[in-house]
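Structure below is input.pdb: PDB, C-alpha atoms.
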ATOM      1  CA  MET E   1     -25.413 -75.907 -10.668
ATOM      2  CA  SER E   2     -22.908 -75.172  -7.936
ATOM      3  CA  LEU E   3     -23.585 -72.682  -5.186
ATOM      4  CA  ARG E   4     -20.851 -70.418  -6.590
ATOM      5  CA  ASN E   5     -22.383 -70.439 -10.085
ATOM      6  CA  GLU E   6     -25.822 -69.702  -8.633
ATOM      7  CA  ARG E   7     -24.411 -66.701  -6.745
ATOM      8  CA  ILE E   8     -22.705 -65.453  -9.906
ATOM      9  CA  ARG E   9     -25.954 -65.917 -11.875
ATOM     10  CA  LYS E  10     -28.030 -63.947  -9.363
ATOM     11  CA  THR E  11     -25.417 -61.199  -9.082
ATOM     12  CA  LEU E  12     -25.179 -60.829 -12.859
ATOM     13  CA  MET E  13     -28.982 -60.652 -13.133
ATOM     14  CA  LYS E  14     -29.137 -57.888 -10.536
ATOM     15  CA  GLU E  15     -26.263 -55.888 -12.032
ATOM     16  CA  ILE E  16     -27.425 -56.198 -15.650
ATOM     17  CA  SER E  17     -30.905 -55.071 -14.634
ATOM     18  CA  ASP E  18     -29.425 -52.099 -12.791
ATOM     19  CA  ILE E  19     -27.191 -51.185 -15.748
ATOM     20  CA  ILE E  20     -30.126 -51.235 -18.193
ATOM     21  CA  GLN E  21     -32.357 -49.173 -15.914
ATOM     22  CA  LYS E  22     -29.835 -46.631 -14.628
ATOM     23  CA  GLU E  23     -26.638 -46.569 -16.687
ATOM     24  CA  LEU E  24     -27.721 -46.783 -20.315
ATOM     25  CA  LYS E  25     -28.372 -43.345 -21.698
ATOM     26  CA  ASP E  26     -30.268 -44.488 -24.779
ATOM     27  CA  SER E  27     -33.472 -42.605 -25.515
ATOM     28  CA  ARG E  28     -34.913 -45.666 -27.281
ATOM     29  CA  ILE E  29     -35.230 -47.517 -23.971
ATOM     30  CA  GLN E  30     -38.774 -46.891 -22.775
ATOM     31  CA  GLY E  31     -41.244 -48.659 -20.563
ATOM     32  CA  VAL E  32     -40.276 -51.071 -17.813
ATOM     33  CA  VAL E  33     -37.419 -53.481 -18.531
ATOM     34  CA  SER E  34     -37.063 -56.498 -16.226
ATOM     35  CA  VAL E  35     -34.381 -59.166 -16.364
ATOM     36  CA  THR E  36     -36.459 -62.310 -15.821
ATOM     37  CA  ASP E  37     -33.758 -65.001 -15.930
ATOM     38  CA  LEU E  38     -30.151 -65.680 -16.788
ATOM     39  CA  GLU E  39     -28.708 -68.979 -17.972
ATOM     40  CA  LEU E  40     -24.978 -69.254 -17.348
ATOM     41  CA  SER E  41     -22.794 -71.794 -19.153
ATOM     42  CA  HIS E  42     -20.917 -74.276 -16.967
ATOM     43  CA  ASP E  43     -17.615 -72.417 -17.509
ATOM     44  CA  ASN E  44     -19.181 -68.938 -17.077
ATOM     45  CA  SER E  45     -18.067 -67.873 -20.567
ATOM     46  CA  PHE E  46     -21.555 -67.348 -21.973
ATOM     47  CA  ALA E  47     -24.862 -66.092 -20.572
ATOM     48  CA  LYS E  48     -28.354 -65.952 -22.039
ATOM     49  CA  VAL E  49     -30.152 -62.996 -20.490
ATOM     50  CA  TYR E  50     -33.937 -63.206 -20.657
ATOM     51  CA  TYR E  51     -35.748 -59.894 -20.247
ATOM     52  CA  SER E  52     -39.237 -58.498 -20.470
ATOM     53  CA  VAL E  53     -40.341 -55.072 -21.705
ATOM     54  CA  LEU E  54     -43.670 -53.663 -20.566
ATOM     55  CA  ALA E  55     -44.476 -50.920 -23.068
ATOM     56  CA  PRO E  56     -46.632 -50.297 -26.150
ATOM     57  CA  GLU E  57     -45.538 -52.370 -29.185
ATOM     58  CA  GLU E  58     -43.552 -49.639 -31.004
ATOM     59  CA  GLU E  59     -41.685 -48.599 -27.838
ATOM     60  CA  LYS E  60     -41.050 -52.271 -27.094
ATOM     61  CA  LYS E  61     -39.405 -52.772 -30.517
ATOM     62  CA  ASN E  62     -37.208 -49.703 -29.991
ATOM     63  CA  THR E  63     -36.198 -50.893 -26.515
ATOM     64  CA  ILE E  64     -35.281 -54.360 -27.791
ATOM     65  CA  LYS E  65     -33.149 -52.793 -30.550
ATOM     66  CA  ALA E  66     -31.452 -50.465 -28.048
ATOM     67  CA  ILE E  67     -30.587 -53.332 -25.699
ATOM     68  CA  THR E  68     -29.207 -55.389 -28.594
ATOM     69  CA  ASP E  69     -27.137 -52.420 -29.817
ATOM     70  CA  ASN E  70     -25.721 -51.817 -26.326
ATOM     71  CA  THR E  71     -24.811 -55.436 -25.507
ATOM     72  CA  SER E  72     -21.053 -54.781 -25.457
ATOM     73  CA  LYS E  73     -21.486 -51.732 -23.207
ATOM     74  CA  ILE E  74     -23.679 -53.729 -20.796
ATOM     75  CA  ARG E  75     -21.077 -56.524 -20.742
ATOM     76  CA  TYR E  76     -18.279 -54.033 -20.067
ATOM     77  CA  GLU E  77     -20.178 -52.425 -17.173
ATOM     78  CA  ALA E  78     -21.127 -55.823 -15.737
ATOM     79  CA  GLY E  79     -17.461 -56.844 -15.896
ATOM     80  CA  LYS E  80     -16.459 -53.789 -13.869
ATOM     81  CA  ARG E  81     -19.107 -54.520 -11.218
ATOM     82  CA  VAL E  82     -18.786 -58.306 -10.951
ATOM     83  CA  ARG E  83     -15.186 -59.361 -10.530
ATOM     84  CA  LEU E  84     -14.711 -62.520 -12.564
ATOM     85  CA  ARG E  85     -11.686 -63.835 -14.404
ATOM     86  CA  LEU E  86     -13.782 -63.784 -17.578
ATOM     87  CA  THR E  87     -16.902 -61.678 -18.076
ATOM     88  CA  PRO E  88     -19.409 -63.876 -19.906
ATOM     89  CA  GLU E  89     -20.456 -63.063 -23.440
ATOM     90  CA  LEU E  90     -24.065 -61.852 -23.216
ATOM     91  CA  ARG E  91     -26.950 -62.754 -25.478
ATOM     92  CA  PHE E  92     -30.213 -60.931 -24.795
ATOM     93  CA  ILE E  93     -33.442 -62.824 -25.439
ATOM     94  CA  PRO E  94     -36.849 -61.093 -25.134
ATOM     95  CA  ASP E  95     -39.182 -62.936 -22.751
ATOM     96  CA  ASP E  96     -42.889 -62.251 -23.129
ATOM     97  CA  SER E  97     -44.059 -64.595 -20.354
ATOM     98  CA  LEU E  98     -45.002 -61.684 -18.056
ATOM     99  CA  GLU E  99     -47.090 -60.139 -20.818
ATOM    100  CA  ARG E 100     -48.779 -63.466 -21.611
ATOM    101  CA  GLY E 101     -49.527 -63.985 -17.915
ATOM    102  CA  SER E 102     -51.074 -60.527 -17.718
ATOM    103  CA  ASN E 103     -53.257 -61.284 -20.758
ATOM    104  CA  VAL E 104     -54.434 -64.582 -19.257
ATOM    105  CA  THR E 105     -55.299 -62.835 -15.980
ATOM    106  CA  GLU E 106     -57.281 -60.194 -17.887
ATOM    107  CA  ILE E 107     -59.225 -62.880 -19.779
ATOM    108  CA  ILE E 108     -60.007 -64.705 -16.520
ATOM    109  CA  ASN E 109     -61.221 -61.458 -14.958
ATOM    110  CA  LYS E 110     -63.487 -60.761 -17.966
ATOM    111  CA  ILE E 111     -64.931 -64.265 -17.760
ATOM    112  CA  SER E 112     -65.603 -63.916 -14.026
ATOM    113  CA  ARG E 113     -67.357 -60.581 -14.643
ATOM    114  CA  GLY E 114     -69.465 -62.209 -17.382
ATOM    115  CA  GLU E 115     -68.052 -60.044 -20.179
ATOM    116  CA  ILE E 116     -67.084 -63.031 -22.296
TER     117      ILE E 116
END

Show me the file's structure as structure tokens.
Amino acid sequence: MSLRNERIRKTLMKEISDIIQKELKDSRIQGVVSVTDLELSHDNSFAKVYYSVLAPEEEKKNTIKAITDNTSKIRYEAGKRVRLRLTPELRFIPDDSLERGSNVTEIINKISRGEI
């Protein structure tokens, strides 16, 4: 990946995260939403946005639905903030790696305390 594409990728990650946390006025978004990664196509026309939601299961489902429903709004806002000839089409993909890591850490802690 070129240096330019890497800069674009990092900038888009930062701006999309900011838009979700501060700009979206959707009451279904609850808990903590983190953009964990972004894969950008070689021509910058498409981006897979990986994100994590730390919230109880029902709130998590509502947040995922809200983000999916607001994809075009997020893309529009990102296009205004990041000046590119073409704003990439966004596809949001839930990423539960942070949650899995937290569960593994909890299991290790229980084992070390002799609870398991």

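When you apply the PyMOL selection byres ((chain E and resi 36) around 7) to this structure, what comes back is Ser34, Val35, Asp37, Tyr50, Tyr51 and Ser52 of chain E.
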
Report as JSON, numbers by chain all protein, DNA and RNA residues lying within 7 Å of Leu38 of chain E, evaluated on only C-alpha atoms, omitting residues in the same chain fewer than 2 positions from it.
{"E": [9, 13, 40, 47, 48, 49, 50]}

Using the chain letters and numbers from the file, give me the residues hit by the PyMOL selection byres ((chain E and resi 75) around 10), as a PyMOL selection string.
chain E and resi 12+16+19+70-74+76-81+87-91

Computed interatomic separation between atom CA of Thr105 of chain E and atom CA of Lys14 of chain E (Å):
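Atom CA of Lys14 of chain E lies 27.2 Å from atom CA of Thr105 of chain E.
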
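With only C-alpha atoms as the atoms that count, the minimum distance from Arg83 of chain E to the choices E:Ile8, E:Ala66, E:Ile116, E:Leu3 is reached by E:Ile8.
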
Determine the residue membership of the PyMOL selection byres ((chain E and resi 25) around 12) for the file above and supply it as a PyMOL selection string.
chain E and resi 19-24+26-30+63+66-67+70+73-74

Residue among E:Ile107, E:Pro94, E:Leu86, E:Arg113 lying closest to Asn44 of chain E, counting only C-alpha atoms
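When distances to Asn44 of chain E are compared using only C-alpha atoms, the smallest one comes from E:Leu86.
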
Please report the interatomic distance between atom CA of Val33 of chain E and atom CA of Gly101 of chain E in Å with one decimal.
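The value is 16.0 Å.
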
Figure out the distance between atom CA of Val82 of chain E and atom CA of Thr11 of chain E, please, to one decimal in Å.
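Separating atom CA of Thr11 of chain E from atom CA of Val82 of chain E is a distance of 7.5 Å.
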
Around all the atoms of segment 28-46 of chain E listed in the file, draw an axis-aligned box and extend it by 5 Å on each of the six sides; I want its centre and edge lengths in Å to one decimal, as JSON.
{"center_x": -29.4, "center_y": -60.0, "center_z": -21.6, "size_x": 33.6, "size_y": 38.6, "size_z": 21.5}

Counting only C-alpha atoms, the residue among E:Gly31, E:Leu98, E:Ile108, E:Phe92 that lies closest to Asn62 of chain E is E:Gly31

Taking into account all atoms listed in the file, which residue in the set E:Glu39, E:Lys61, E:Val53, E:Ser2 is nearest to Asp95 of chain E?
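Answer, going by the shortest atom-to-atom distance: E:Val53.
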
Using all atoms listed in the file, the best pick from E:Glu58, E:Val32, E:Asp69, E:Leu84 as closest to Asn5 of chain E would be E:Leu84

Would you fill the gaps in segment 70-81 of chain E so it has all heavy atoms, then print it as a short mmCIF file (atom, residue, chain, number, x, y, z; two decimals), in the coordinates of the input?
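For reference, selection-v8.cif as written:
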data_model
loop_
_atom_site.label_atom_id
_atom_site.label_comp_id
_atom_site.auth_asym_id
_atom_site.auth_seq_id
_atom_site.Cartn_x
_atom_site.Cartn_y
_atom_site.Cartn_z
N ASN E 70 -26.58 -52.16 -27.46
CA ASN E 70 -25.72 -51.82 -26.33
C ASN E 70 -25.18 -53.03 -25.57
O ASN E 70 -24.67 -52.89 -24.47
CB ASN E 70 -26.50 -50.93 -25.35
CG ASN E 70 -26.65 -49.52 -25.87
OD1 ASN E 70 -25.70 -48.77 -25.96
ND2 ASN E 70 -27.88 -49.16 -26.23
N THR E 71 -25.25 -54.21 -26.18
CA THR E 71 -24.81 -55.44 -25.51
C THR E 71 -23.37 -55.34 -25.02
O THR E 71 -23.05 -55.70 -23.88
CB THR E 71 -24.98 -56.66 -26.43
OG1 THR E 71 -26.37 -56.81 -26.73
CG2 THR E 71 -24.48 -57.93 -25.78
N SER E 72 -22.47 -54.84 -25.86
CA SER E 72 -21.05 -54.78 -25.46
C SER E 72 -20.85 -53.80 -24.31
O SER E 72 -20.03 -54.05 -23.41
CB SER E 72 -20.16 -54.41 -26.64
OG SER E 72 -20.53 -53.16 -27.16
N LYS E 73 -21.58 -52.69 -24.30
CA LYS E 73 -21.49 -51.73 -23.21
C LYS E 73 -22.00 -52.34 -21.90
O LYS E 73 -21.41 -52.16 -20.84
CB LYS E 73 -22.27 -50.47 -23.55
CG LYS E 73 -22.15 -49.37 -22.52
CD LYS E 73 -22.85 -48.12 -22.98
CE LYS E 73 -22.61 -47.01 -21.98
NZ LYS E 73 -23.19 -45.75 -22.40
N ILE E 74 -23.12 -53.07 -21.98
CA ILE E 74 -23.68 -53.73 -20.80
C ILE E 74 -22.68 -54.76 -20.26
O ILE E 74 -22.45 -54.84 -19.05
CB ILE E 74 -25.05 -54.38 -21.13
CG1 ILE E 74 -26.07 -53.31 -21.51
CG2 ILE E 74 -25.54 -55.21 -19.95
CD1 ILE E 74 -27.34 -53.85 -22.13
N ARG E 75 -22.07 -55.52 -21.16
CA ARG E 75 -21.08 -56.52 -20.74
C ARG E 75 -19.88 -55.86 -20.06
O ARG E 75 -19.40 -56.32 -19.03
CB ARG E 75 -20.62 -57.32 -21.96
CG ARG E 75 -19.59 -58.38 -21.60
CD ARG E 75 -19.14 -59.15 -22.81
NE ARG E 75 -18.21 -60.19 -22.41
CZ ARG E 75 -17.30 -60.69 -23.20
NH1 ARG E 75 -17.19 -60.29 -24.45
NH2 ARG E 75 -16.48 -61.64 -22.76
N TYR E 76 -19.41 -54.76 -20.65
CA TYR E 76 -18.28 -54.03 -20.07
C TYR E 76 -18.61 -53.55 -18.66
O TYR E 76 -17.82 -53.73 -17.73
CB TYR E 76 -17.90 -52.86 -20.98
CG TYR E 76 -16.83 -51.97 -20.40
CD1 TYR E 76 -15.49 -52.37 -20.40
CD2 TYR E 76 -17.15 -50.74 -19.85
CE1 TYR E 76 -14.50 -51.55 -19.86
CE2 TYR E 76 -16.18 -49.92 -19.31
CZ TYR E 76 -14.86 -50.33 -19.32
OH TYR E 76 -13.89 -49.52 -18.78
N GLU E 77 -19.78 -52.93 -18.49
CA GLU E 77 -20.18 -52.42 -17.17
C GLU E 77 -20.36 -53.57 -16.17
O GLU E 77 -19.97 -53.44 -15.01
CB GLU E 77 -21.47 -51.61 -17.28
CG GLU E 77 -21.31 -50.25 -17.93
CD GLU E 77 -20.42 -49.32 -17.16
OE1 GLU E 77 -20.44 -49.34 -15.90
OE2 GLU E 77 -19.66 -48.55 -17.79
N ALA E 78 -20.95 -54.67 -16.63
CA ALA E 78 -21.13 -55.82 -15.74
C ALA E 78 -19.77 -56.37 -15.30
O ALA E 78 -19.59 -56.76 -14.15
CB ALA E 78 -21.94 -56.91 -16.43
N GLY E 79 -18.81 -56.37 -16.22
CA GLY E 79 -17.46 -56.84 -15.90
C GLY E 79 -16.78 -55.99 -14.85
O GLY E 79 -16.01 -56.49 -14.02
N LYS E 80 -17.04 -54.68 -14.88
CA LYS E 80 -16.46 -53.79 -13.87
C LYS E 80 -17.09 -54.03 -12.50
O LYS E 80 -16.43 -53.92 -11.48
CB LYS E 80 -16.65 -52.32 -14.27
CG LYS E 80 -15.76 -51.90 -15.39
CD LYS E 80 -15.73 -50.41 -15.73
CE LYS E 80 -16.82 -49.54 -15.24
NZ LYS E 80 -16.80 -48.18 -15.76
N ARG E 81 -18.38 -54.36 -12.48
CA ARG E 81 -19.11 -54.52 -11.22
C ARG E 81 -18.93 -55.90 -10.60
O ARG E 81 -18.87 -56.03 -9.38
CB ARG E 81 -20.60 -54.28 -11.44
CG ARG E 81 -20.94 -52.86 -11.80
CD ARG E 81 -22.42 -52.74 -12.01
NE ARG E 81 -22.81 -51.39 -12.37
CZ ARG E 81 -24.02 -50.91 -12.20
NH1 ARG E 81 -24.96 -51.67 -11.67
NH2 ARG E 81 -24.30 -49.70 -12.54
#
